[in-house]
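Trainee: Once you've had a glance at the structure underneath, I'll fire off some questions.
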Amino acid sequence: MTRTVYVNGEYLPETEATVSIFDRGFLFADGVYEVTSVLDGKLVDFAGHAKRLERSLGELEMTNPTTESELLEIHRELVARNGIEEGLIYLQITRGAADRDFAYPEDAAPTIVLFTQAKPGLADSPAAKAGIKVITIEDQRWGRRDIKTVQLLYPSMGKMMAKKAGADDAWMIEDGFVTEGTSNNAYIVKDGTIITRHLGTEILHGITRAAVLRFAREAQMKVEERAFTADEARDADEAFITSASSFVMPVVEIDGSAIGTGKPGPVATRLRDIYLDEMRKAAV
Ligand code: PDD
């Protein structure tokens, strides 16, 4: 089936949508993105993603070609035109097309692209019931991971390393501490306390992370925002990841050793249930 996508003000069949070969997203990875999930045909935490988009753009002195309400309208229109009940919406804004030069062009018009990905069964996923396996790899990304840029080659390499090792994903290690997963935030649970890395330039400030920590605190669970090591993860009672595409996903193995019982733990399972319930209610 041919999707309808959005490019610079137009809704087009995916086969007719194009951007310039001079686009700085293509030449310099000079662009930012967001991934928003869709449940019951509605957008999950749209406001959170819109806010982080503004921040990423601001950090790169890029302008947003749309207002938040226009962006919401485009998301909804794509969900409707493509009949998405469960899935993802990808949004990318680049600095636009200009003759190749490292310095930012002064007058380029930003490029904006959105497309949907249907993912039936996203919420009721078998992976969430079984849990996933991770390996640890060195974090070799750039230093501004708080900006959600499209330079995703190292995370892609990390996923391939995991795949080759028979695992599902990789947790990245810097100076002995876990930063995050290749495309998600990382958590462990020890003696009932949820531990996840504090915010900073070393990790992406996950929109799912913010919601999950809020729900955890509301449910009187203990939360510590601090760096933890791979050894602590190996000794933890449970582990999990969060992202817009995986919600809360239990992690049951790290570098070949089982975490806790080797099965999804009660904290991760409960947080996934709460997250899905609350976000369905609040979805727009
Ligand atoms: N990834 N950390 C990294 C490095 C990420 O790429 C992501 C999201 C997250 C979680 O952020 P959020 O909860 O806002 O989705 C953390 C998206 C899903 C992706 O690249 O597909």
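Residue numbering restarts at 1 in every chain; chains get A, B, ... in the order shown in the structure tokens, and ligands count up from 1 in that same order.
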Would you mind listing what lies within 8 Å of segment 162-167 of chain A as a JSON list (two decimals) with N, CA, C and O atoms, in the first residue's frame, with only C-alpha atoms counted and same-chain residues fewer than 5 positions away left out?
Mentor:
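Everything below was put into result_33.json:
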```json
[["chain", "number", "residue", "atom", "x", "y", "z"],
["A", 132, "ILE", "N", 13.62, -8.44, 26.64],
["A", 132, "ILE", "CA", 14.66, -8.42, 25.60],
["A", 132, "ILE", "C", 16.05, -8.61, 26.21],
["A", 132, "ILE", "O", 16.24, -8.47, 27.43],
["A", 133, "LYS", "N", 17.01, -8.95, 25.33],
["A", 133, "LYS", "CA", 18.40, -9.17, 25.75],
["A", 133, "LYS", "C", 19.25, -8.01, 25.25],
["A", 133, "LYS", "O", 19.11, -7.60, 24.11],
["A", 134, "VAL", "N", 20.12, -7.51, 26.12],
["A", 134, "VAL", "CA", 21.03, -6.45, 25.68],
["A", 134, "VAL", "C", 22.49, -6.86, 25.87],
["A", 134, "VAL", "O", 22.79, -7.72, 26.70],
["A", 135, "ILE", "N", 23.35, -6.24, 25.06],
["A", 135, "ILE", "CA", 24.79, -6.37, 25.28],
["A", 135, "ILE", "C", 25.28, -4.97, 25.67],
["A", 135, "ILE", "O", 24.54, -3.99, 25.49]]
```
Trainee: Please identify the alpha helix (DSSP H) residues within segment 92-224 of chain A (assignment by DSSP from backbone atoms) and present them as an mmCIF file with N, CA, C and O atoms, in the first residue's frame.
Mentor:
```cif
data_model
loop_
_atom_site.group_PDB
_atom_site.id
_atom_site.type_symbol
_atom_site.label_atom_id
_atom_site.label_comp_id
_atom_site.auth_asym_id
_atom_site.auth_seq_id
_atom_site.Cartn_x
_atom_site.Cartn_y
_atom_site.Cartn_z
ATOM 1 N N PRO A 126 4.754 -9.287 21.880
ATOM 2 C CA PRO A 126 5.338 -10.499 22.467
ATOM 3 C C PRO A 126 6.667 -10.201 23.168
ATOM 4 O O PRO A 126 6.974 -10.808 24.192
ATOM 5 N N ALA A 127 7.433 -9.225 22.635
ATOM 6 C CA ALA A 127 8.726 -8.880 23.253
ATOM 7 C C ALA A 127 8.527 -8.386 24.689
ATOM 8 O O ALA A 127 9.342 -8.660 25.572
ATOM 9 N N ALA A 128 7.416 -7.663 24.915
ATOM 10 C CA ALA A 128 7.166 -7.142 26.267
ATOM 11 C C ALA A 128 6.858 -8.283 27.237
ATOM 12 O O ALA A 128 7.120 -8.167 28.438
ATOM 13 N N LYS A 129 6.306 -9.371 26.728
ATOM 14 C CA LYS A 129 5.997 -10.515 27.607
ATOM 15 C C LYS A 129 7.239 -11.349 27.887
ATOM 16 O O LYS A 129 7.409 -11.880 28.980
ATOM 17 N N ALA A 130 8.124 -11.445 26.898
ATOM 18 C CA ALA A 130 9.329 -12.264 27.055
ATOM 19 C C ALA A 130 10.497 -11.469 27.635
ATOM 20 O O ALA A 130 11.374 -12.028 28.296
ATOM 21 N N LEU A 153 24.146 6.954 13.006
ATOM 22 C CA LEU A 153 24.950 5.843 12.507
ATOM 23 C C LEU A 153 25.516 4.982 13.635
ATOM 24 O O LEU A 153 25.484 3.757 13.545
ATOM 25 N N TYR A 154 26.003 5.622 14.703
ATOM 26 C CA TYR A 154 26.549 4.793 15.786
ATOM 27 C C TYR A 154 25.453 3.943 16.456
ATOM 28 O O TYR A 154 25.661 2.748 16.677
ATOM 29 N N PRO A 155 24.267 4.507 16.732
ATOM 30 C CA PRO A 155 23.191 3.644 17.226
ATOM 31 C C PRO A 155 22.861 2.488 16.270
ATOM 32 O O PRO A 155 22.591 1.368 16.705
ATOM 33 N N SER A 156 22.923 2.738 14.959
ATOM 34 C CA SER A 156 22.698 1.653 13.990
ATOM 35 C C SER A 156 23.788 0.604 14.117
ATOM 36 O O SER A 156 23.505 -0.605 14.112
ATOM 37 N N MET A 157 25.051 1.051 14.246
ATOM 38 C CA MET A 157 26.159 0.097 14.425
ATOM 39 C C MET A 157 25.939 -0.715 15.701
ATOM 40 O O MET A 157 26.174 -1.923 15.733
ATOM 41 N N GLY A 158 25.483 -0.044 16.747
ATOM 42 C CA GLY A 158 25.230 -0.721 18.019
ATOM 43 C C GLY A 158 24.164 -1.799 17.889
ATOM 44 O O GLY A 158 24.296 -2.893 18.431
ATOM 45 N N LYS A 159 23.086 -1.479 17.159
ATOM 46 C CA LYS A 159 22.015 -2.485 16.953
ATOM 47 C C LYS A 159 22.573 -3.683 16.187
ATOM 48 O O LYS A 159 22.210 -4.829 16.467
ATOM 49 N N MET A 160 23.449 -3.416 15.218
ATOM 50 C CA MET A 160 24.032 -4.514 14.441
ATOM 51 C C MET A 160 24.966 -5.368 15.302
ATOM 52 O O MET A 160 24.992 -6.591 15.178
ATOM 53 N N MET A 161 25.725 -4.712 16.203
ATOM 54 C CA MET A 161 26.595 -5.464 17.120
ATOM 55 C C MET A 161 25.733 -6.387 17.983
ATOM 56 O O MET A 161 26.067 -7.538 18.220
ATOM 57 N N ALA A 162 24.598 -5.834 18.459
ATOM 58 C CA ALA A 162 23.686 -6.631 19.290
ATOM 59 C C ALA A 162 23.152 -7.817 18.489
ATOM 60 O O ALA A 162 23.163 -8.961 18.956
ATOM 61 N N LYS A 163 22.709 -7.541 17.293
ATOM 62 C CA LYS A 163 22.138 -8.585 16.431
ATOM 63 C C LYS A 163 23.139 -9.715 16.207
ATOM 64 O O LYS A 163 22.803 -10.893 16.327
ATOM 65 N N LYS A 164 24.383 -9.316 15.892
ATOM 66 C CA LYS A 164 25.429 -10.325 15.637
ATOM 67 C C LYS A 164 25.715 -11.151 16.886
ATOM 68 O O LYS A 164 26.125 -12.304 16.793
ATOM 69 N N ILE A 207 10.939 11.432 26.366
ATOM 70 C CA ILE A 207 9.583 11.872 26.692
ATOM 71 C C ILE A 207 8.871 10.755 27.464
ATOM 72 O O ILE A 207 8.135 11.003 28.424
ATOM 73 N N THR A 208 9.150 9.519 27.074
ATOM 74 C CA THR A 208 8.577 8.371 27.800
ATOM 75 C C THR A 208 9.183 8.302 29.201
ATOM 76 O O THR A 208 8.474 8.036 30.180
ATOM 77 N N ARG A 209 10.479 8.574 29.293
ATOM 78 C CA ARG A 209 11.172 8.587 30.600
ATOM 79 C C ARG A 209 10.485 9.549 31.566
ATOM 80 O O ARG A 209 10.194 9.191 32.715
ATOM 81 N N ALA A 210 10.214 10.771 31.093
ATOM 82 C CA ALA A 210 9.595 11.772 31.972
ATOM 83 C C ALA A 210 8.240 11.279 32.477
ATOM 84 O O ALA A 210 7.930 11.396 33.671
ATOM 85 N N ALA A 211 7.439 10.705 31.585
ATOM 86 C CA ALA A 211 6.104 10.234 31.983
ATOM 87 C C ALA A 211 6.201 9.049 32.940
ATOM 88 O O ALA A 211 5.507 8.999 33.961
ATOM 89 N N VAL A 212 7.088 8.109 32.620
ATOM 90 C CA VAL A 212 7.219 6.900 33.444
ATOM 91 C C VAL A 212 7.717 7.257 34.853
ATOM 92 O O VAL A 212 7.202 6.732 35.852
ATOM 93 N N LEU A 213 8.666 8.173 34.949
ATOM 94 C CA LEU A 213 9.158 8.560 36.288
ATOM 95 C C LEU A 213 8.054 9.270 37.080
ATOM 96 O O LEU A 213 7.927 9.088 38.289
ATOM 97 N N ARG A 214 7.244 10.058 36.376
ATOM 98 C CA ARG A 214 6.122 10.731 37.054
ATOM 99 C C ARG A 214 5.134 9.687 37.593
ATOM 100 O O ARG A 214 4.739 9.733 38.756
ATOM 101 N N PHE A 215 4.796 8.710 36.752
ATOM 102 C CA PHE A 215 3.845 7.669 37.195
ATOM 103 C C PHE A 215 4.436 6.843 38.335
ATOM 104 O O PHE A 215 3.721 6.461 39.264
ATOM 105 N N ALA A 216 5.743 6.563 38.269
ATOM 106 C CA ALA A 216 6.391 5.769 39.319
ATOM 107 C C ALA A 216 6.298 6.508 40.653
ATOM 108 O O ALA A 216 5.931 5.922 41.677
ATOM 109 N N ARG A 217 6.590 7.813 40.614
ATOM 110 C CA ARG A 217 6.544 8.605 41.855
ATOM 111 C C ARG A 217 5.115 8.704 42.379
ATOM 112 O O ARG A 217 4.884 8.607 43.580
ATOM 113 N N GLU A 218 4.175 8.866 41.469
ATOM 114 C CA GLU A 218 2.758 8.934 41.888
ATOM 115 C C GLU A 218 2.308 7.627 42.535
ATOM 116 O O GLU A 218 1.439 7.616 43.394
#
```
Trainee: Could you pull out the strand (DSSP E or B) residues of segment 167-272 of chain A from DSSP and send them as a ChimeraX atom specification?
Mentor: /A:169-174,177-181,184-190,193-196,222-225,229,238-243,247-254,257-258
Trainee: Using only C-alpha atoms, can you tell me which of A:Lys119, A:His75, A:Arg100, A:Arg52 comes closest to Asp146 of chain A?
Mentor: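 Nearest candidate to Asp146 of chain A out of A:Lys119, A:His75, A:Arg100, A:Arg52: A:Arg52.
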Trainee: Per residue of chain A within 6 Å of ligand 1, what are the shortest atom pair and its distance in Å to one decimal, counting only C-alpha atoms and all ligand atoms, with rows by chain and residue number, as a Markdown table?
Mentor:
```
| residue | atom | partner | partner_atom_place_in_ligand_line | distance |
| --- | --- | --- | --- | --- |
| A:Val35 | CA | ligand 1 | 18 (C) | 5.4 |
| A:Thr182 | CA | ligand 1 | 4 (C) | 5.2 |
| A:Ser183 | CA | ligand 1 | 6 (O) | 3.4 |
| A:Asn184 | CA | ligand 1 | 16 (C) | 3.5 |
| A:Asn185 | CA | ligand 1 | 16 (C) | 4.4 |
| A:Leu204 | CA | ligand 1 | 2 (N) | 4.7 |
| A:Gly206 | CA | ligand 1 | 11 (O) | 3.5 |
| A:Ile207 | CA | ligand 1 | 14 (O) | 3.7 |
| A:Thr208 | CA | ligand 1 | 13 (O) | 3.6 |
| A:Arg209 | CA | ligand 1 | 13 (O) | 5.5 |
| A:Thr242 | CA | ligand 1 | 13 (O) | 5.8 |
| A:Ser243 | CA | ligand 1 | 13 (O) | 3.5 |
| A:Ala244 | CA | ligand 1 | 15 (O) | 3.7 |
| A:Ser245 | CA | ligand 1 | 18 (C) | 5.1 |
```
Trainee: Given only C-alpha atoms as the basis, pick out the residue of A:Leu271, A:Pro110, A:Ala118, A:Thr196 nearest to Ala219 of chain A.
Mentor: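 Result for the nearest residue to Ala219 of chain A: A:Leu271.
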Trainee: Do a neighbour search on Glu77 of chain A at 10 Å with only C-alpha atoms, toss out local chain neighbours closer than 3 positions, and write the hits as a ChimeraX atom specification.
Mentor: /A:4-6,11,71-74,80-83
Trainee: Please list as a PDB file with C-alpha atoms, in the first residue's frame every residue within 12 Å of Leu12 of chain A, counting only C-alpha atoms and excluding residues in the same chain fewer than 2 positions away.
Mentor:
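Ended up saving to part-v4.pdb:
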```pdb
ATOM      1  CA  THR A   2       1.276   3.451  -0.866  1.00  0.00           C
ATOM      2  CA  ARG A   3       1.392   5.746   2.123  1.00  0.00           C
ATOM      3  CA  THR A   4       0.513   9.373   2.099  1.00  0.00           C
ATOM      4  CA  VAL A   5       3.421  11.395   3.481  1.00  0.00           C
ATOM      5  CA  TYR A   6       3.900  15.080   4.223  1.00  0.00           C
ATOM      6  CA  VAL A   7       6.682  17.140   2.626  1.00  0.00           C
ATOM      7  CA  ASN A   8       7.013  20.924   2.916  1.00  0.00           C
ATOM      8  CA  GLY A   9       3.315  21.750   3.014  1.00  0.00           C
ATOM      9  CA  GLU A  10       2.023  18.982   0.751  1.00  0.00           C
ATOM     10  CA  GLU A  14       5.321   8.341  -0.821  1.00  0.00           C
ATOM     11  CA  THR A  15       6.531   7.586  -4.358  1.00  0.00           C
ATOM     12  CA  GLU A  16       6.165  11.234  -5.348  1.00  0.00           C
ATOM     13  CA  ALA A  17       7.734  12.846  -2.285  1.00  0.00           C
ATOM     14  CA  THR A  18      11.241  14.221  -2.766  1.00  0.00           C
ATOM     15  CA  LEU A  78      -1.536  11.555   8.350  1.00  0.00           C
ATOM     16  CA  ARG A  81      -5.251   9.352   5.656  1.00  0.00           C
ATOM     17  CA  ASN A  82      -3.179   6.244   6.375  1.00  0.00           C
ATOM     18  CA  VAL A 113       8.959  15.654   6.370  1.00  0.00           C
ATOM     19  CA  LEU A 114       6.507  13.398   8.203  1.00  0.00           C
ATOM     20  CA  PHE A 115       5.498   9.812   7.550  1.00  0.00           C
TER      21      PHE A 115
END
```
Trainee: Take atom CA of Glu253 of chain A and atom CA of Ile137 of chain A and report the distance between them in Å, one decimal.
Mentor: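 Spanning atom CA of Glu253 of chain A to atom CA of Ile137 of chain A is a straight-line distance of 14.4 Å.
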Trainee: For Leu39 of chain A, find every residue with an atom within 9 Å (counting only C-alpha atoms), except residues of its own chain fewer than 4 positions away, and show them as a PyMOL selection string.
Mentor: chain A and resi 43-44+84-88+122-123+276+279-280+283
